[in-house]
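Participant: Structure: data_13.cif, mmCIF, C-alpha atoms.
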```cif
data_start
#
loop_
_atom_site.label_atom_id
_atom_site.label_comp_id
_atom_site.auth_asym_id
_atom_site.auth_seq_id
_atom_site.Cartn_x
_atom_site.Cartn_y
_atom_site.Cartn_z
CA GLY M 1 -61.96 117.02 -57.28
CA ALA M 2 -63.77 115.24 -54.48
CA VAL M 3 -66.20 112.53 -55.56
CA VAL M 4 -69.39 111.47 -53.84
CA SER M 5 -71.26 108.36 -54.92
CA GLN M 6 -74.75 107.11 -54.18
CA HIS M 7 -76.18 103.63 -54.38
CA PRO M 8 -78.52 102.64 -55.81
CA SER M 9 -79.12 105.18 -58.55
CA TRP M 10 -82.73 104.03 -58.91
CA VAL M 11 -84.85 101.82 -56.68
CA ILE M 12 -88.44 100.65 -56.89
CA CYS M 13 -90.06 99.26 -53.78
CA LYS M 14 -93.51 98.22 -52.67
CA SER M 15 -95.56 100.31 -50.31
CA GLY M 16 -94.87 99.40 -46.69
CA THR M 17 -91.33 98.17 -47.21
CA SER M 18 -88.11 99.92 -46.22
CA VAL M 19 -85.32 100.96 -48.52
CA LYS M 20 -81.75 102.02 -47.77
CA ILE M 21 -79.75 104.54 -49.80
CA GLU M 22 -75.98 104.80 -49.38
CA CYS M 23 -73.86 107.90 -49.77
CA ARG M 24 -70.08 107.51 -49.93
CA SER M 25 -67.23 109.98 -50.13
CA LEU M 26 -64.78 108.14 -52.38
CA ASP M 27 -61.53 110.04 -51.97
CA PHE M 28 -61.94 112.06 -48.81
CA GLN M 29 -63.29 111.80 -45.30
CA ALA M 30 -66.41 113.70 -44.39
CA THR M 31 -67.52 114.31 -40.84
CA THR M 32 -70.61 116.04 -42.18
CA MET M 33 -72.94 114.92 -44.92
CA PHE M 34 -76.32 116.25 -45.95
CA TRP M 35 -79.44 114.64 -47.35
CA TYR M 36 -81.73 116.52 -49.72
CA ARG M 37 -85.01 115.70 -51.38
CA GLN M 38 -85.96 117.01 -54.80
CA PHE M 39 -89.44 116.72 -56.25
CA PRO M 40 -89.85 116.82 -60.05
CA LYS M 41 -89.00 120.22 -61.50
CA GLN M 42 -88.52 121.65 -58.02
CA SER M 43 -85.65 122.77 -55.86
CA LEU M 44 -83.59 120.82 -53.36
CA MET M 45 -84.99 120.72 -49.85
CA LEU M 46 -82.57 119.97 -47.03
CA MET M 47 -83.85 117.03 -44.99
CA ALA M 48 -81.11 116.47 -42.44
CA THR M 49 -77.51 116.89 -41.49
CA SER M 50 -75.63 113.65 -40.94
CA ASN M 51 -72.79 113.83 -38.42
CA GLU M 52 -70.25 111.05 -38.08
CA GLY M 53 -70.50 109.40 -34.69
CA SER M 54 -73.55 111.29 -33.51
CA LYS M 55 -77.24 111.63 -34.19
CA ALA M 56 -78.47 113.32 -37.33
CA THR M 57 -80.05 116.75 -37.14
CA TYR M 58 -83.37 116.92 -38.95
CA GLU M 59 -84.95 119.97 -40.51
CA GLN M 60 -88.34 121.10 -39.36
CA GLY M 61 -91.14 118.99 -40.78
CA VAL M 62 -88.99 115.96 -41.56
CA GLU M 63 -90.06 112.80 -39.73
CA LYS M 64 -86.95 111.39 -38.07
CA ASP M 65 -88.60 108.01 -37.48
CA LYS M 66 -89.45 107.69 -41.14
CA PHE M 67 -86.13 108.85 -42.56
CA LEU M 68 -83.44 107.11 -40.52
CA ILE M 69 -79.92 108.43 -41.03
CA ASN M 70 -76.79 106.63 -39.91
CA HIS M 71 -73.30 108.08 -40.39
CA ALA M 72 -71.31 105.06 -39.30
CA SER M 73 -67.93 106.05 -40.72
CA LEU M 74 -66.13 109.06 -42.15
CA THR M 75 -66.94 107.91 -45.69
CA LEU M 76 -70.45 106.50 -45.43
CA SER M 77 -73.87 107.84 -44.56
CA THR M 78 -77.07 105.91 -45.11
CA LEU M 79 -80.67 107.07 -45.44
CA THR M 80 -83.34 104.46 -44.73
CA VAL M 81 -86.88 105.26 -45.75
CA THR M 82 -89.02 103.14 -43.45
CA SER M 83 -92.50 101.92 -44.32
CA ALA M 84 -92.32 103.72 -47.63
CA HIS M 85 -95.47 105.07 -49.25
CA PRO M 86 -96.07 106.47 -52.74
CA GLU M 87 -95.76 110.03 -51.43
CA ASP M 88 -92.14 109.23 -50.49
CA SER M 89 -91.35 108.78 -54.17
CA SER M 90 -88.77 111.42 -54.98
CA PHE M 91 -85.17 112.10 -55.94
CA TYR M 92 -82.82 111.95 -52.96
CA ILE M 93 -79.44 113.66 -53.13
CA CYS M 94 -76.62 113.54 -50.62
CA SER M 95 -73.64 115.80 -50.26
CA ALA M 96 -70.41 115.78 -48.29
CA VAL M 97 -68.21 118.58 -47.04
CA SER M 98 -64.52 118.69 -47.89
CA SER M 99 -62.12 121.61 -47.77
CA TYR M 100 -64.89 124.13 -47.16
CA GLU M 101 -66.88 122.95 -50.16
CA GLN M 102 -69.95 120.81 -50.51
CA TYR M 103 -69.81 118.01 -53.08
CA PHE M 104 -72.98 116.38 -54.30
CA GLY M 105 -73.75 112.79 -55.14
CA PRO M 106 -75.52 111.88 -58.39
CA GLY M 107 -78.81 111.22 -56.62
CA THR M 108 -81.12 108.26 -56.10
CA ARG M 109 -84.55 108.03 -57.67
CA LEU M 110 -87.01 106.27 -55.33
CA THR M 111 -90.29 104.99 -56.72
CA VAL M 112 -92.78 103.47 -54.29
CA THR M 113 -95.55 101.44 -55.86
CA ALA O 1 -85.35 133.28 -41.89
CA GLN O 2 -83.34 133.43 -45.04
CA THR O 3 -85.01 133.12 -48.42
CA VAL O 4 -83.70 132.81 -51.95
CA THR O 5 -85.81 133.84 -54.93
CA GLN O 6 -85.29 133.09 -58.60
CA SER O 7 -87.99 134.89 -60.54
CA GLN O 8 -87.27 133.36 -63.96
CA PRO O 9 -88.59 129.77 -64.15
CA GLU O 10 -87.41 129.32 -67.74
CA MET O 11 -85.10 131.13 -70.11
CA SER O 12 -83.63 130.47 -73.51
CA VAL O 13 -80.64 131.91 -75.32
CA GLN O 14 -79.08 131.45 -78.72
CA GLU O 15 -75.75 129.69 -78.88
CA ALA O 16 -72.81 132.12 -78.51
CA GLU O 17 -75.03 134.81 -77.00
CA THR O 18 -75.01 136.12 -73.43
CA VAL O 19 -77.70 135.46 -70.84
CA THR O 20 -78.22 136.67 -67.27
CA LEU O 21 -80.03 134.70 -64.60
CA SER O 22 -81.45 136.59 -61.63
CA CYS O 23 -81.36 135.74 -57.95
CA THR O 24 -82.38 137.77 -54.92
CA TYR O 25 -82.13 136.79 -51.30
CA ASP O 26 -83.20 138.02 -47.94
CA THR O 27 -81.08 137.79 -44.82
CA SER O 28 -80.09 139.72 -41.74
CA GLU O 29 -76.66 138.09 -41.73
CA ASN O 30 -73.60 140.07 -42.76
CA ASN O 31 -71.25 137.17 -43.38
CA TYR O 32 -72.45 134.61 -45.89
CA TYR O 33 -71.65 132.81 -49.10
CA LEU O 34 -73.63 132.68 -52.33
CA PHE O 35 -73.42 130.03 -55.01
CA TRP O 36 -74.69 129.14 -58.44
CA TYR O 37 -75.10 125.44 -59.15
CA LYS O 38 -75.88 123.79 -62.46
CA GLN O 39 -78.01 120.64 -62.65
CA PRO O 40 -77.91 119.10 -66.13
CA PRO O 41 -80.30 116.32 -67.21
CA SER O 42 -78.04 113.82 -65.44
CA ARG O 43 -79.22 115.50 -62.16
CA GLN O 44 -75.60 115.81 -60.91
CA MET O 45 -75.21 119.13 -59.08
CA ILE O 46 -72.17 121.03 -60.32
CA LEU O 47 -70.74 124.15 -58.68
CA VAL O 48 -70.55 126.97 -61.21
CA ILE O 49 -69.34 129.87 -59.10
CA ARG O 50 -69.06 131.05 -55.50
CA GLN O 51 -69.10 134.52 -53.97
CA GLU O 52 -68.10 135.45 -50.44
CA ALA O 53 -70.17 138.34 -49.13
CA TYR O 54 -67.17 140.12 -47.64
CA LYS O 55 -65.52 140.36 -51.04
CA GLN O 56 -66.51 143.41 -53.07
CA GLN O 57 -65.04 142.04 -56.28
CA ASN O 58 -67.44 139.99 -58.37
CA ALA O 59 -66.41 136.37 -58.87
CA THR O 60 -65.63 135.09 -62.36
CA GLU O 61 -64.97 131.61 -63.72
CA ASN O 62 -64.16 131.57 -67.41
CA ARG O 63 -67.46 132.31 -69.22
CA PHE O 64 -69.38 132.66 -65.96
CA SER O 65 -69.47 135.82 -63.88
CA VAL O 66 -71.69 137.26 -61.20
CA ASN O 67 -73.04 140.69 -60.41
CA PHE O 68 -73.15 140.78 -56.62
CA GLN O 69 -75.05 143.74 -55.19
CA LYS O 70 -74.91 143.30 -51.42
CA ALA O 71 -77.04 146.29 -50.50
CA ALA O 72 -79.73 145.23 -52.95
CA LYS O 73 -79.32 141.56 -51.95
CA SER O 74 -79.00 140.59 -55.58
CA PHE O 75 -76.75 137.92 -57.07
CA SER O 76 -77.14 137.43 -60.82
CA LEU O 77 -75.23 135.02 -63.03
CA LYS O 78 -74.02 136.02 -66.47
CA ILE O 79 -73.13 133.33 -68.97
CA SER O 80 -71.14 134.59 -71.94
CA ASP O 81 -70.69 132.79 -75.25
CA SER O 82 -73.43 130.32 -74.34
CA GLN O 83 -72.84 126.72 -75.36
CA LEU O 84 -75.25 123.85 -75.91
CA GLY O 85 -73.74 122.14 -72.87
CA ASP O 86 -74.92 125.01 -70.69
CA THR O 87 -78.49 123.73 -71.06
CA ALA O 88 -79.51 122.83 -67.50
CA MET O 89 -81.35 123.91 -64.38
CA TYR O 90 -79.49 126.62 -62.51
CA PHE O 91 -79.93 127.03 -58.78
CA CYS O 92 -78.87 129.98 -56.68
CA ALA O 93 -77.91 129.00 -53.14
CA PHE O 94 -77.20 130.82 -49.88
CA MET O 95 -75.15 129.73 -46.89
CA ALA O 96 -74.88 131.45 -43.51
CA PRO O 97 -72.98 131.32 -41.30
CA PRO O 98 -70.22 130.15 -43.64
CA GLY O 99 -69.13 127.23 -41.48
CA THR O 100 -72.53 125.55 -41.35
CA TYR O 101 -72.50 124.37 -44.96
CA LYS O 102 -76.31 124.36 -44.82
CA TYR O 103 -77.57 125.65 -48.12
CA ILE O 104 -80.86 127.30 -48.94
CA PHE O 105 -81.65 126.85 -52.60
CA GLY O 106 -83.77 128.98 -54.87
CA THR O 107 -86.48 127.44 -57.01
CA GLY O 108 -84.26 127.26 -60.06
CA THR O 109 -84.16 128.60 -63.60
CA ARG O 110 -84.35 126.20 -66.52
CA LEU O 111 -81.98 127.45 -69.21
CA LYS O 112 -82.13 126.17 -72.75
CA VAL O 113 -79.39 127.05 -75.20
CA LEU O 114 -80.65 127.01 -78.78
CA ALA O 115 -78.54 125.98 -81.74
#
```
Hey, can you dump this file as structure tokens for me?
Facilitator:
Amino acid sequence: GAVVSQHPSWVICKSGTSVKIECRSLDFQATTMFWYRQFPKQSLMLMATSNEGSKATYEQGVEKDKFLINHASLTLSTLTVTSAHPEDSSFYICSAVSSYEQYFGPGTRLTVT
Amino acid sequence: AQTVTQSQPEMSVQEAETVTLSCTYDTSENNYYLFWYKQPPSRQMILVIRQEAYKQQNATENRFSVNFQKAAKSFSLKISDSQLGDTAMYFCAFMAPPGTYKYIFGTGTRLKVLA
């Protein structure tokens, strides 16, 4: 099956710094990727749709200037959390579409101190 | 707006027994897909089963089957012969229109299989 990877799996950063999370489709090309956020013991909330070669589409309530998404190639989308604060601490999951199915990455745990 | 509701936050079942997880949804769409995903402690989301709304036949995948009641907007998951490896969070998800791939997830049911 299709494999999606994320890097890093866990990152700790200081408040006020920026952190980048990568999402890669390893054995397929994905024109569309999604970024989700999952708080502890809660569901996945869709943050944005990442489209290769064009601007990301953000869901209502998601700050586009804080969560920068770049889909530079058909196998890579990045999420940059700018000026991170403790409330941005969460589990971030990406997914990629292939053959009418959505495949999920293993997630990235972000801790902002 | 579409909503997905899972009314059972936690459930437990004895190994080898059968358990049913509930999911209801609300939509005005006629063409949509429904999914059950499993999220084990590793946090990796794994597709369990998928149901297309236009199909009347309930989907099955080995020990997993669904009871899809379109008129009642109900989509329950039945796990037969439960195994310890089935212990996980289970999320019901909705997608409409089918080509958008934008999922709406329910709040999840934590299932524990007891030895």
Participant: I need the output of the PyMOL selection byres ((chain O) within 6 of (chain M)) for this file as a count of residues only; which residues are they?
Facilitator: 3
Participant: In terms of the shortest atom-to-atom distance over all atoms listed in the file, which of O:Gln8, O:Gln14, O:Ser82, O:Asn67 is closest to Phe35 of chain O?
Facilitator: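 Closest to Phe35 of chain O, using all atoms listed in the file: O:Asn67.
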Participant: From the list O:Glu52, O:Asp86, O:Asp81, O:Glu61, which residue is nearest Asn30 of chain O when using only C-alpha atoms?
Facilitator: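 Among the listed residues, the smallest separation from Asn30 of chain O belongs to O:Glu52.
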Participant: To one decimal place in Å, what is the distance between atom CA of Leu84 of chain O and atom CA of Glu10 of chain O?
Facilitator: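 Those two atoms sit 15.6 Å apart.
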Participant: Could you spell out the hits of the PyMOL selection byres ((chain O and resi 56) around 12) on the shown file, as a short mmCIF file (atom, residue, chain, number, x, y, z; two decimals) with C-alpha atoms, in the frame of the given file?
Facilitator:
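As written to disk, selection-v9.cif reads:
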```cif
data_model
loop_
_atom_site.label_atom_id
_atom_site.label_comp_id
_atom_site.auth_asym_id
_atom_site.auth_seq_id
_atom_site.Cartn_x
_atom_site.Cartn_y
_atom_site.Cartn_z
CA GLN O 51 -69.10 134.52 -53.97
CA GLU O 52 -68.10 135.45 -50.44
CA ALA O 53 -70.17 138.34 -49.13
CA TYR O 54 -67.17 140.12 -47.64
CA LYS O 55 -65.52 140.36 -51.04
CA GLN O 57 -65.04 142.04 -56.28
CA ASN O 58 -67.44 139.99 -58.37
CA ALA O 59 -66.41 136.37 -58.87
CA VAL O 66 -71.69 137.26 -61.20
CA ASN O 67 -73.04 140.69 -60.41
CA PHE O 68 -73.15 140.78 -56.62
CA GLN O 69 -75.05 143.74 -55.19
CA LYS O 70 -74.91 143.30 -51.42
CA ALA O 71 -77.04 146.29 -50.50
#
```
Participant: Tell me, in Å to one decimal, how far atom CA of Pro98 of chain O is from atom CA of Ser54 of chain M.
Facilitator: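 According to the coordinates, atom CA of Pro98 of chain O and atom CA of Ser54 of chain M are separated by 21.7 Å.
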Participant: Name the residues that the PyMOL selection byres ((chain M and resi 7) around 8) picks from the file above, as an MDAnalysis selection string, using the file's chain letters and numbers.
Facilitator: chainID M and resid 5:6 8:10 21:23 108
Participant: Using only C-alpha atoms, please write the residues we just selected to a file, as a CSV table (one decimal), in the frame of the given file.
Facilitator:
```
chain,number,residue,atom,x,y,z
M,5,SER,CA,-71.3,108.4,-54.9
M,6,GLN,CA,-74.8,107.1,-54.2
M,8,PRO,CA,-78.5,102.6,-55.8
M,9,SER,CA,-79.1,105.2,-58.6
M,10,TRP,CA,-82.7,104.0,-58.9
M,21,ILE,CA,-79.8,104.5,-49.8
M,22,GLU,CA,-76.0,104.8,-49.4
M,23,CYS,CA,-73.9,107.9,-49.8
M,108,THR,CA,-81.1,108.3,-56.1
```
Participant: Can you tell me, as a PyMOL selection string, what residues are no more than 10 Å from Thr5 of chain O when counting all atoms listed in the file, ignoring any on the same chain fewer than 3 positions away?
Facilitator: chain O and resi 8+22-26+74+91-93+105-108
Participant: Atom CA of Val3 of chain M to atom CA of Asn62 of chain O: how many Å, to one decimal?
Facilitator: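 Value for the atom CA of Val3 of chain M-atom CA of Asn62 of chain O distance: 22.5 Å.
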